[in-house]
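Listing of entry.txt; format and content: compact mmCIF, C-alpha atoms.
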# COMPACT_ATOMS: atom_id res chain seq x y z
CA LEU T 1 137.14 96.76 108.96
CA LEU T 2 139.85 94.24 108.04
CA LEU T 3 138.48 91.83 110.68
CA GLU T 4 135.00 92.07 109.14
CA ASP T 5 136.49 91.37 105.72
CA CYS T 6 138.13 88.23 107.10
CA VAL T 7 134.94 86.74 108.55
CA GLU T 8 133.01 87.65 105.38
CA ASP T 9 135.65 86.17 103.06
CA ALA T 10 134.48 82.94 101.43
CA GLU T 11 138.01 81.50 101.45
CA PHE T 12 138.30 81.97 105.22
CA GLN T 13 134.88 80.42 105.77
CA ARG T 14 135.80 77.34 103.75
CA ILE T 15 138.71 76.43 106.06
CA PRO T 16 137.18 74.37 108.93
CA GLY T 17 137.60 75.96 112.37
CA LEU T 18 139.73 78.87 111.16
CA LEU T 19 137.29 81.61 112.14
CA ILE T 20 136.56 79.93 115.48
CA ASP T 21 140.28 79.90 116.30
CA LEU T 22 140.63 83.51 115.11
CA TYR T 23 137.76 84.57 117.37
CA THR T 24 138.87 82.57 120.43
CA ASN T 25 142.58 83.34 120.31
CA PHE T 26 142.53 86.85 118.89
CA VAL T 27 139.20 88.68 118.82
CA LEU T 28 138.30 87.91 122.45
CA LEU T 29 141.44 89.75 123.59
CA PHE T 30 139.89 93.08 122.58
CA ALA T 31 136.25 92.10 122.00
CA LEU T 32 134.76 94.73 124.32
CA ARG T 33 136.73 97.48 122.63
CA LEU T 34 134.79 96.79 119.45
CA ASN T 35 131.41 98.26 118.65
CA SER T 36 129.06 95.82 120.37
CA LEU T 37 126.83 95.35 117.29
CA LYS T 38 129.89 94.69 115.13
CA LEU T 39 131.04 92.12 117.67
CA ALA T 40 127.62 90.43 117.52
CA GLN T 41 127.75 90.37 113.71
CA ILE T 42 131.25 88.88 113.73
CA ALA T 43 130.15 86.25 116.27
CA VAL T 44 127.21 85.23 114.07
CA LYS T 45 129.52 84.76 111.09
CA VAL T 46 131.95 82.73 113.20
CA SER T 47 129.12 80.58 114.58
CA GLN T 48 128.40 79.34 111.04
CA GLN T 49 131.63 77.31 111.20
CA HIS T 50 130.21 75.10 113.95
CA THR T 51 129.01 71.84 112.44
CA LEU T 52 126.20 71.27 114.97
CA PRO T 53 123.41 73.83 115.61
CA GLN T 54 123.66 73.27 119.36
CA GLN T 55 127.36 74.19 119.33
CA ALA T 56 126.56 77.37 117.43
CA VAL T 57 123.77 78.21 119.92
CA GLU T 58 126.14 77.78 122.86
CA PHE T 59 128.76 79.93 121.13
CA LEU T 60 126.26 82.76 120.53
CA GLU T 61 124.88 82.47 124.07
CA CYS T 62 128.44 82.95 125.38
CA THR T 63 128.81 86.08 123.24
CA LYS T 64 125.49 87.39 124.53
CA LYS T 65 126.57 86.72 128.13
CA LEU T 66 129.82 88.58 127.47
CA LEU T 67 127.87 91.64 126.29
CA ASP T 68 125.36 91.39 129.17
CA ASP T 69 128.16 91.15 131.73
CA ALA T 70 129.92 94.12 130.17
CA ALA T 71 126.69 96.15 130.40
CA SER T 72 126.41 95.32 134.10
CA GLY T 73 130.15 95.89 134.70
CA SER T 74 130.84 92.31 135.76
CA SER T 75 132.70 91.05 132.70
CA PRO T 76 136.34 90.00 133.35
CA LEU T 77 137.19 91.49 129.94
CA SER T 78 135.62 94.84 130.83
CA SER T 79 138.11 97.68 131.16
CA SER T 80 135.92 99.48 133.65
CA GLY T 81 137.71 99.98 136.95
CA GLY T 82 134.68 100.85 139.12
CA ALA T 83 132.80 98.04 140.82
CA SER T 84 129.03 98.09 140.39
CA SER T 85 126.72 97.27 143.23
CA SER T 86 124.52 94.20 142.88
CA LYS T 87 121.51 96.51 142.73
CA GLU T 88 122.95 98.39 139.76
CA GLY T 89 123.79 95.08 138.12
CA GLU T 90 120.20 93.91 138.49
CA LYS T 91 118.98 97.18 137.02
CA GLU T 92 121.19 96.70 133.97
CA ALA T 93 119.98 93.12 133.59
CA ASP T 94 116.36 94.29 133.59
CA LYS T 95 116.90 96.81 130.81
CA VAL T 96 115.30 96.30 127.40
CA ASP T 97 117.57 94.19 125.19
CA THR T 98 120.04 96.23 123.19
CA GLU T 99 120.45 95.89 119.44
CA PRO T 100 123.46 93.49 119.68
CA THR T 101 121.70 91.06 122.02
CA LEU T 102 118.53 91.22 119.91
CA TYR T 103 120.62 90.47 116.82
CA LEU T 104 122.20 87.50 118.59
CA LYS T 105 118.84 86.21 119.81
CA MET T 106 117.43 86.25 116.27
CA SER T 107 120.43 84.25 115.06
CA VAL T 108 119.87 81.75 117.88
CA GLY T 109 116.23 81.56 116.80
CA GLN T 110 117.33 80.68 113.25
CA LEU T 111 119.46 77.86 114.64
CA PHE T 112 116.56 76.49 116.68
CA LEU T 113 114.45 76.60 113.54
CA GLN T 114 117.09 74.69 111.57
CA SER T 115 117.25 72.01 114.26
CA GLY T 116 113.45 71.60 114.28
CA ASN T 117 112.72 73.34 117.59
CA THR T 118 109.93 75.55 116.23
CA GLU T 119 108.50 76.22 119.68
CA LYS T 120 111.70 77.87 120.93
CA ALA T 121 112.10 79.69 117.62
CA SER T 122 108.55 81.02 117.94
CA GLU T 123 109.24 82.32 121.47
CA LEU T 124 112.34 84.18 120.30
CA MET T 125 110.53 85.53 117.24
CA GLU T 126 107.62 86.92 119.29
CA ALA T 127 110.00 88.42 121.84
CA GLY T 128 112.11 89.91 119.03
CA LEU T 129 109.14 91.61 117.37
CA LYS T 130 108.11 93.16 120.70
CA MET T 131 111.66 94.32 121.45
CA LEU T 132 112.01 95.82 117.98
CA ASP T 133 108.97 98.02 118.65
CA LYS T 134 110.75 99.46 121.70
CA ILE T 135 113.96 100.36 119.88
CA GLU T 136 113.99 103.72 118.16
CA ASP T 137 115.91 103.98 114.88
CA ALA T 138 117.13 100.40 115.04
CA ASP T 139 120.09 99.48 112.86
CA PRO T 140 118.84 98.03 109.54
CA SER T 141 120.77 94.80 110.13
CA VAL T 142 118.97 94.27 113.45
CA THR T 143 115.55 94.95 111.93
CA ALA T 144 116.38 92.63 109.03
CA SER T 145 117.40 89.86 111.45
CA VAL T 146 114.01 90.03 113.20
CA TYR T 147 112.02 89.85 109.96
CA SER T 148 114.34 87.17 108.59
CA LEU T 149 113.57 84.86 111.53
CA SER T 150 109.87 85.70 111.29
CA SER T 151 109.73 84.94 107.57
CA GLN T 152 111.62 81.66 107.92
CA TYR T 153 109.38 80.59 110.80
CA HIS T 154 106.26 81.16 108.68
CA LYS T 155 107.90 79.38 105.75
CA VAL T 156 108.44 76.27 107.88
CA ASN T 157 104.79 76.45 108.97
CA ARG T 158 103.57 77.08 105.39
CA ASN T 159 101.83 80.30 106.33
CA PHE T 160 102.17 81.89 102.89
CA ASP T 161 100.57 85.25 103.70
CA GLU T 162 102.78 85.91 106.74
CA PHE T 163 105.89 84.61 105.00
CA TYR T 164 105.25 86.98 102.10
CA LYS T 165 104.65 89.98 104.36
CA ASN T 166 107.72 89.38 106.54
CA SER T 167 109.95 88.60 103.54
CA LEU T 168 109.10 91.97 101.97
CA LEU T 169 109.82 93.65 105.32
CA TYR T 170 113.16 91.82 105.48
CA LEU T 171 113.99 92.92 101.92
CA ALA T 172 113.21 96.52 102.86
CA TYR T 173 116.20 96.53 105.23
CA VAL T 174 118.83 94.77 103.11
CA LYS T 175 120.51 95.58 99.81
CA THR T 176 119.35 92.93 97.37
CA GLU T 177 122.57 93.09 95.36
CA THR T 178 124.65 92.18 98.44
CA LEU T 179 122.78 88.92 99.02
CA PRO T 180 124.55 85.75 97.80
CA SER T 181 123.26 84.84 94.33
CA ASP T 182 122.03 81.37 95.34
CA PHE T 183 120.16 82.78 98.35
CA ARG T 184 118.76 85.61 96.23
CA LEU T 185 117.31 83.16 93.71
CA SER T 186 115.95 80.87 96.42
CA LEU T 187 114.27 83.81 98.17
CA ALA T 188 112.86 85.12 94.88
CA VAL T 189 111.29 81.72 94.18
CA ASP T 190 109.87 81.38 97.69
CA VAL T 191 108.41 84.91 97.80
CA SER T 192 106.89 84.54 94.34
CA LEU T 193 105.26 81.23 95.24
CA ALA T 194 103.97 82.72 98.50
CA ALA T 195 102.44 85.65 96.58
CA LEU T 196 100.57 83.22 94.35
CA LEU T 197 99.53 80.85 97.13
CA GLY T 198 98.65 83.39 99.85
CA GLU T 199 94.89 83.53 100.28
CA GLY T 200 94.88 87.24 101.12
CA ILE T 201 97.45 88.43 98.56
CA PHE T 202 95.88 90.14 95.55
CA ASN T 203 98.41 92.90 94.91
CA PHE T 204 101.52 91.88 92.98
CA GLY T 205 102.73 95.35 92.04
CA GLU T 206 104.97 95.79 95.08
CA LEU T 207 106.76 92.51 94.44
CA LEU T 208 107.13 93.11 90.69
CA LEU T 209 108.71 96.50 91.39
CA HIS T 210 111.26 94.98 93.80
CA PRO T 211 114.67 94.00 92.35
CA ILE T 212 114.46 90.56 94.01
CA VAL T 213 112.24 89.25 91.18
CA THR T 214 114.93 90.00 88.59
CA ALA T 215 116.82 87.05 90.08
CA LEU T 216 114.26 84.81 88.33
CA VAL T 217 115.07 86.15 84.86
CA GLY T 218 117.32 83.89 82.82
CA THR T 219 116.89 80.92 85.17
CA GLU T 220 114.76 77.78 85.14
CA PHE T 221 112.23 79.74 87.23
CA GLU T 222 111.64 82.50 84.71
CA TRP T 223 108.11 81.14 84.26
CA LEU T 224 107.38 82.34 87.81
CA HIS T 225 108.18 85.91 86.80
CA ALA T 226 105.84 85.57 83.81
CA LEU T 227 103.15 84.14 86.08
CA LEU T 228 103.44 87.06 88.51
CA LYS T 229 103.01 89.57 85.68
CA CYS T 230 100.07 87.57 84.38
CA PHE T 231 98.33 87.65 87.79
CA ASN T 232 99.07 91.34 88.22
CA LYS T 233 97.30 92.08 84.92
CA GLY T 234 94.52 89.60 85.60
CA ASP T 235 95.15 88.15 82.15
CA MET T 236 93.20 84.89 81.96
CA TYR T 237 94.32 84.05 78.43
CA ALA T 238 98.01 84.54 79.24
CA TYR T 239 97.52 82.44 82.39
CA ASP T 240 96.18 79.49 80.39
CA MET T 241 99.03 79.82 77.89
CA ILE T 242 101.65 79.81 80.66
CA CYS T 243 100.03 76.80 82.35
CA GLU T 244 100.15 74.90 79.07
CA ARG T 245 103.65 75.96 78.08
CA TYR T 246 105.28 75.38 81.49
CA SER T 247 103.11 72.47 82.65
CA SER T 248 106.10 70.30 83.62
CA ALA T 249 107.65 73.09 85.74
CA LEU T 250 104.30 73.83 87.40
CA ASN T 251 103.75 70.16 88.18
CA ARG T 252 107.08 70.11 90.02
CA GLN T 253 105.58 72.56 92.54
CA PRO T 254 103.22 70.43 94.70
CA GLU T 255 101.60 73.44 96.41
CA LEU T 256 100.66 74.98 93.07
CA VAL T 257 99.15 71.67 91.95
CA LYS T 258 97.27 71.28 95.23
CA LYS T 259 95.84 74.80 95.03
CA ALA T 260 95.12 74.89 91.29
CA ASP T 261 91.43 75.74 91.87
CA SER T 262 92.31 78.54 94.30
CA LEU T 263 94.79 79.99 91.81
CA ARG T 264 92.14 79.96 89.09
CA ASN T 265 89.71 81.73 91.40
CA LYS T 266 92.37 84.31 92.38
CA ILE T 267 93.25 85.27 88.83
CA THR T 268 89.55 85.44 87.96
CA LEU T 269 89.06 87.98 90.75
CA LEU T 270 92.11 89.92 89.56
CA CYS T 271 90.80 89.84 86.00
CA LEU T 272 87.56 91.42 87.25
CA VAL T 273 89.32 94.09 89.32
CA GLU T 274 91.79 94.99 86.56
CA TYR T 275 88.98 95.30 84.01
CA LEU T 276 86.81 97.45 86.27
CA PHE T 277 89.82 99.62 87.17
CA SER T 278 90.52 100.23 83.47
CA LEU T 279 87.02 101.56 82.82
CA PRO T 280 86.46 105.34 82.64
CA PRO T 281 84.49 106.76 85.59
CA ASP T 282 81.43 107.40 83.41
CA SER T 283 81.26 103.83 82.07
CA ARG T 284 81.16 101.68 85.17
CA SER T 285 77.86 99.95 84.50
CA VAL T 286 78.99 96.66 82.99
CA PRO T 287 76.91 93.75 81.62
CA LEU T 288 77.52 90.50 83.47
CA ASP T 289 77.87 88.75 80.14
CA GLU T 290 80.84 91.00 79.30
CA ILE T 291 82.54 90.12 82.59
CA ALA T 292 81.85 86.41 82.00
CA SER T 293 83.47 86.65 78.56
CA ARG T 294 86.59 88.45 79.80
CA ALA T 295 87.05 86.14 82.79
CA LYS T 296 86.41 83.00 80.72
CA LEU T 297 83.36 82.08 82.80
CA GLY T 298 80.51 79.90 81.57
CA SER T 299 77.56 82.12 82.43
CA ARG T 300 76.42 85.42 83.90
CA GLU T 301 75.53 83.52 87.08
CA GLU T 302 79.20 82.57 87.51
CA ALA T 303 80.18 86.19 86.86
CA GLU T 304 77.74 87.27 89.55
CA VAL T 305 79.35 84.87 92.04
CA VAL T 306 82.83 86.27 91.25
CA ILE T 307 81.60 89.85 91.71
CA MET T 308 80.06 88.96 95.08
CA GLN T 309 83.35 87.36 96.15
CA ALA T 310 85.20 90.53 95.16
CA MET T 311 82.71 92.64 97.14
CA ALA T 312 83.03 90.36 100.17
CA ARG T 313 86.82 90.79 100.07
CA GLY T 314 86.49 94.57 99.84
CA MET T 315 88.05 94.66 96.38
CA VAL T 316 85.11 96.47 94.75
CA LYS T 317 81.93 98.26 95.80
CA GLY T 318 78.76 98.53 93.77
CA MET T 319 75.35 97.05 93.03
CA ILE T 320 74.22 94.11 90.92
CA ASN T 321 70.98 94.42 88.97
CA GLN T 322 69.98 90.81 88.39
CA VAL T 323 67.00 91.74 86.25
CA SER T 324 68.98 93.72 83.69
CA GLY T 325 72.13 91.63 84.21
CA VAL T 326 74.33 94.64 84.93
CA VAL T 327 76.75 95.54 87.73
CA THR T 328 77.31 99.20 88.59
CA VAL T 329 80.67 99.78 90.26
CA SER T 330 81.25 102.79 92.53
CA TRP T 331 84.73 101.97 93.89
CA VAL T 332 87.71 99.74 93.09
CA GLN T 333 90.38 98.92 95.68
CA PRO T 334 93.60 100.94 95.18
CA ARG T 335 96.64 98.88 94.19
CA VAL T 336 100.39 99.30 93.82
CA LEU T 337 100.84 99.90 90.09
CA THR T 338 103.74 98.75 87.93
CA HIS T 339 105.41 101.22 85.56
CA GLU T 340 103.31 99.89 82.68
CA GLN T 341 100.09 100.36 84.65
CA VAL T 342 101.11 103.88 85.68
CA GLN T 343 101.65 104.71 82.01
CA GLY T 344 98.16 103.43 81.25
CA LEU T 345 96.72 105.53 84.05
CA SER T 346 98.59 108.57 82.72
CA THR T 347 97.01 108.06 79.29
CA ARG T 348 93.55 107.85 80.85
CA LEU T 349 94.14 111.02 82.86
CA GLU T 350 95.26 112.86 79.72
CA SER T 351 92.10 111.70 77.97
CA TRP T 352 89.98 112.84 80.90
CA ALA T 353 91.76 116.24 80.96
CA ALA T 354 91.14 116.70 77.22
CA LYS T 355 87.46 115.88 77.68
CA LEU T 356 87.26 118.32 80.60
CA ASN T 357 88.88 121.06 78.52
CA GLY T 358 86.39 120.40 75.74
CA THR T 359 83.47 120.68 78.15
CA THR T 360 84.89 123.89 79.63
CA SER T 361 85.29 125.44 76.15
CA ALA T 362 81.74 124.48 75.25
CA LEU T 363 80.39 126.13 78.43
CA VAL T 364 82.43 129.27 77.81
CA ALA T 365 81.09 129.45 74.22
CA GLN T 366 77.53 129.34 75.52
Entire entry expressed as structure tokens:
Amino acid sequence: LLLEDCVEDAEFQRIPGLLIDLYTNFVLLFALRLNSLKLAQIAVKVSQQHTLPQQAVEFLECTKKLLDDAASGSSPLSSSGGASSSKEGEKEADKVDTEPTLYLKMSVGQLFLQSGNTEKASELMEAGLKMLDKIEDADPSVTASVYSLSSQYHKVNRNFDEFYKNSLLYLAYVKTETLPSDFRLSLAVDVSLAALLGEGIFNFGELLLHPIVTALVGTEFEWLHALLKCFNKGDMYAYDMICERYSSALNRQPELVKKADSLRNKITLLCLVEYLFSLPPDSRSVPLDEIASRAKLGSREEAEVVIMQAMARGMVKGMINQVSGVVTVSWVQPRVLTHEQVQGLSTRLESWAAKLNGTTSALVAQ
């Protein structure tokens, strides 16, 4: 435990080469007596003191070889007295990667990504995801390392949907409060932007309920938190107010500027879905003119186009009567609700229960 504290300590990490010397001259003497995953985690922390990514890769590869040799009984540091046959050694080498080696591989993948070798990083990421499927009850740190590499890979390639998905998976296996504050804020900004920019992301409830977004509050990126809440509610008027109030901050985000039309279309769809979801079950025949007004659209024809887009995306089901200018909705896609939305749903259910009780009393009286 004391050794882990040393490698985690910021003061130790700031002294160049200290952790490398500690590992080489001290830890290696009893390395194989440690829990192998703990050894891998210590090695990853120590590798961060190498100034060049290639040096860190070589260091981690040596640690991986040490663990592989120990598994096959051929490590000079192994305390095992029995000699293994070459056949047994080959068998051990062919086994599915253990958690420590998977953890090390994901860290190597991160280093390849940092040095610009996305092809090698992609190979390790794909292999890591497959290996993770084969490990039952994997340690959370190992699972987090796989999704961390995957999310960073998709960030580099500007695949917003995949980055968002893998970042939430990563966050599911770490304690947000233990993340360094600067990394926590950076991740909160990146995930929030990905949620807005992802073409297939229309549910913001899960992100808004996660403590990671609280890192935005009280910072220069607080407008992002407001924007997420605005999209979640499908509030067109609040969206326009935020765009006007924080125009300079928004203009500093080139991807948001580039995809301004897509963002407008996304919040229009969310405005439609949120409005239809809020309607009572017996009032789901809505005039197109009403939808056009709520979504700040110019005509019922534009409202019709938005409804058809929502239907094509599987967000709503229903029928449009072009003659009468009415849409009848039979189903709205379920969403992760925030606490505020759950409270609203509770109020609606209470209203529905009261109406049901009234109907029941009337029938009994007859």
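Take atom CA of T:Val326 and atom CA of T:Phe231: the distance between them is 25.2 Å.
Note that the spacing between atom CA of T:Ala292 and atom CA of T:Phe277 amounts to 16.3 Å.
Between T:Cys230 and the candidates T:Arg264, T:Lys258, T:Arg14, T:Arg300, the tightest atom-to-atom separation, counting all atoms listed in the file, involves T:Arg264.
For the set T:Lys229, T:Lys38, T:Arg184, T:Arg245, the residue with the smallest atom-to-atom gap to T:Val142 is T:Lys38, counting all atoms listed in the file.
Interatomic distance, atom CA of T:Gly128 to atom CA of T:Val146: 6.1 Å.
When all atoms listed in the file are used to measure the gap to T:Gly325, the shortest distance among T:Ala31, T:Ser293, T:Ser299, T:Leu288 belongs to T:Leu288.
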Which of T:Ile20, T:Leu207, T:Ala10, T:Val273 sits closest to T:His50 [using all atoms listed in the file] | T:Ile20
Pick out the residues sitting within 9 Å of stretch 56-59 of chain T, and hand them over as a PyMOL selection string; count all atoms listed in the file, and ignore anything fewer than 6 positions along from it in its own chain.
-> chain T and resi 43-44+46-50+107-109+111-112
Which is closer to T:Lys64 than all the others in T:Glu99, T:Glu162, T:Glu304, T:Glu177, using only C-alpha atoms?
-> T:Glu99
Within 8 Å of T:Ser141, counting all atoms listed in the file, which residues qualify if same-chain residues fewer than 4 places away don't, as a count of residues only?
-> 4
Within 9 Å of T:Arg335, counting only C-alpha atoms, which residues qualify if same-chain residues fewer than 6 places away don't, as a VMD selection string?
-> chain T and resid 202 to 206
With a distance cut-off of 10 Å and all atoms listed in the file, select the neighbouring residues of T:Ser330, excluding the residue or stretch itself and same-chain residues fewer than 3 positions from it, and output the selection as a PyMOL selection string.
-> chain T and resi 276+281+284-285+316-319+327
Using all atoms listed in the file, which residues sit within 12 Å of T:Tyr275 once same-chain residues fewer than 5 positions away are excluded, as number ranges by chain?
-> T: 232-236, 267-270, 280, 283-284, 286, 290-295, 307, 316, 329, 332
Could you work out an axis-aligned box for stretch 35-44 of chain T, taking every atom the file lists and adding 4 Å on each side, and report centre and edge lengths in Å to one decimal, as AutoDock Vina command-line options?
--center_x 129.1 --center_y 91.7 --center_z 117.0 --size_x 12.6 --size_y 21.0 --size_z 14.7
Pull the neighbourhood of (141.9, 87.8, 116.6) for me: all residues within 12 Å in file coordinates, counting only C-alpha atoms, as a ChimeraX atom specification.
-> /T:2-4,6-7,18-31,34,39,42-43,46
Can you put N, CA and C atoms back into stretch 124-146 of chain T and show it as a short mmCIF file (atom, residue, chain, number, x, y, z; two decimals), in the coordinates of the input?
data_model
loop_
_atom_site.label_atom_id
_atom_site.label_comp_id
_atom_site.auth_asym_id
_atom_site.auth_seq_id
_atom_site.Cartn_x
_atom_site.Cartn_y
_atom_site.Cartn_z
N LEU T 124 111.34 83.15 120.60
CA LEU T 124 112.34 84.18 120.30
C LEU T 124 111.83 85.16 119.25
N MET T 125 111.09 84.66 118.28
CA MET T 125 110.53 85.53 117.24
C MET T 125 109.54 86.53 117.85
N GLU T 126 108.61 86.04 118.66
CA GLU T 126 107.62 86.92 119.29
C GLU T 126 108.29 87.96 120.19
N ALA T 127 109.28 87.50 120.96
CA ALA T 127 110.00 88.42 121.84
C ALA T 127 110.77 89.46 121.01
N GLY T 128 111.35 89.01 119.90
CA GLY T 128 112.11 89.91 119.03
C GLY T 128 111.24 90.99 118.41
N LEU T 129 110.05 90.63 117.97
CA LEU T 129 109.14 91.61 117.37
C LEU T 129 108.71 92.66 118.39
N LYS T 130 108.49 92.22 119.63
CA LYS T 130 108.11 93.16 120.70
C LYS T 130 109.28 94.09 121.04
N MET T 131 110.48 93.52 121.12
CA MET T 131 111.66 94.32 121.45
C MET T 131 111.96 95.34 120.35
N LEU T 132 111.74 94.92 119.11
CA LEU T 132 112.01 95.82 117.98
C LEU T 132 111.12 97.07 118.05
N ASP T 133 109.90 96.89 118.51
CA ASP T 133 108.97 98.02 118.65
C ASP T 133 109.47 99.04 119.67
N LYS T 134 110.28 98.57 120.63
CA LYS T 134 110.75 99.46 121.70
C LYS T 134 112.05 100.17 121.35
N ILE T 135 112.69 99.75 120.27
CA ILE T 135 113.96 100.36 119.88
C ILE T 135 113.72 101.44 118.83
N GLU T 136 114.14 102.64 119.13
CA GLU T 136 113.99 103.72 118.16
C GLU T 136 115.17 103.73 117.19
N ASP T 137 114.87 103.91 115.91
CA ASP T 137 115.91 103.98 114.88
C ASP T 137 116.87 102.79 114.96
N ALA T 138 116.30 101.61 114.97
CA ALA T 138 117.13 100.40 115.04
C ALA T 138 118.01 100.28 113.80
N ASP T 139 119.19 99.71 113.99
CA ASP T 139 120.09 99.48 112.86
C ASP T 139 119.39 98.56 111.85
N PRO T 140 119.51 98.85 110.55
CA PRO T 140 118.84 98.03 109.54
C PRO T 140 119.16 96.54 109.65
N SER T 141 120.40 96.22 110.02
CA SER T 141 120.77 94.80 110.13
C SER T 141 120.01 94.10 111.25
N VAL T 142 119.73 94.83 112.31
CA VAL T 142 118.97 94.27 113.45
C VAL T 142 117.52 94.05 113.04
N THR T 143 116.94 95.06 112.40
CA THR T 143 115.55 94.95 111.93
C THR T 143 115.43 93.79 110.94
N ALA T 144 116.39 93.71 110.03
CA ALA T 144 116.38 92.63 109.03
C ALA T 144 116.45 91.26 109.70
N SER T 145 117.25 91.15 110.77
CA SER T 145 117.40 89.86 111.45
C SER T 145 116.09 89.40 112.08
N VAL T 146 115.31 90.36 112.59
CA VAL T 146 114.01 90.03 113.20
C VAL T 146 113.05 89.52 112.13
#
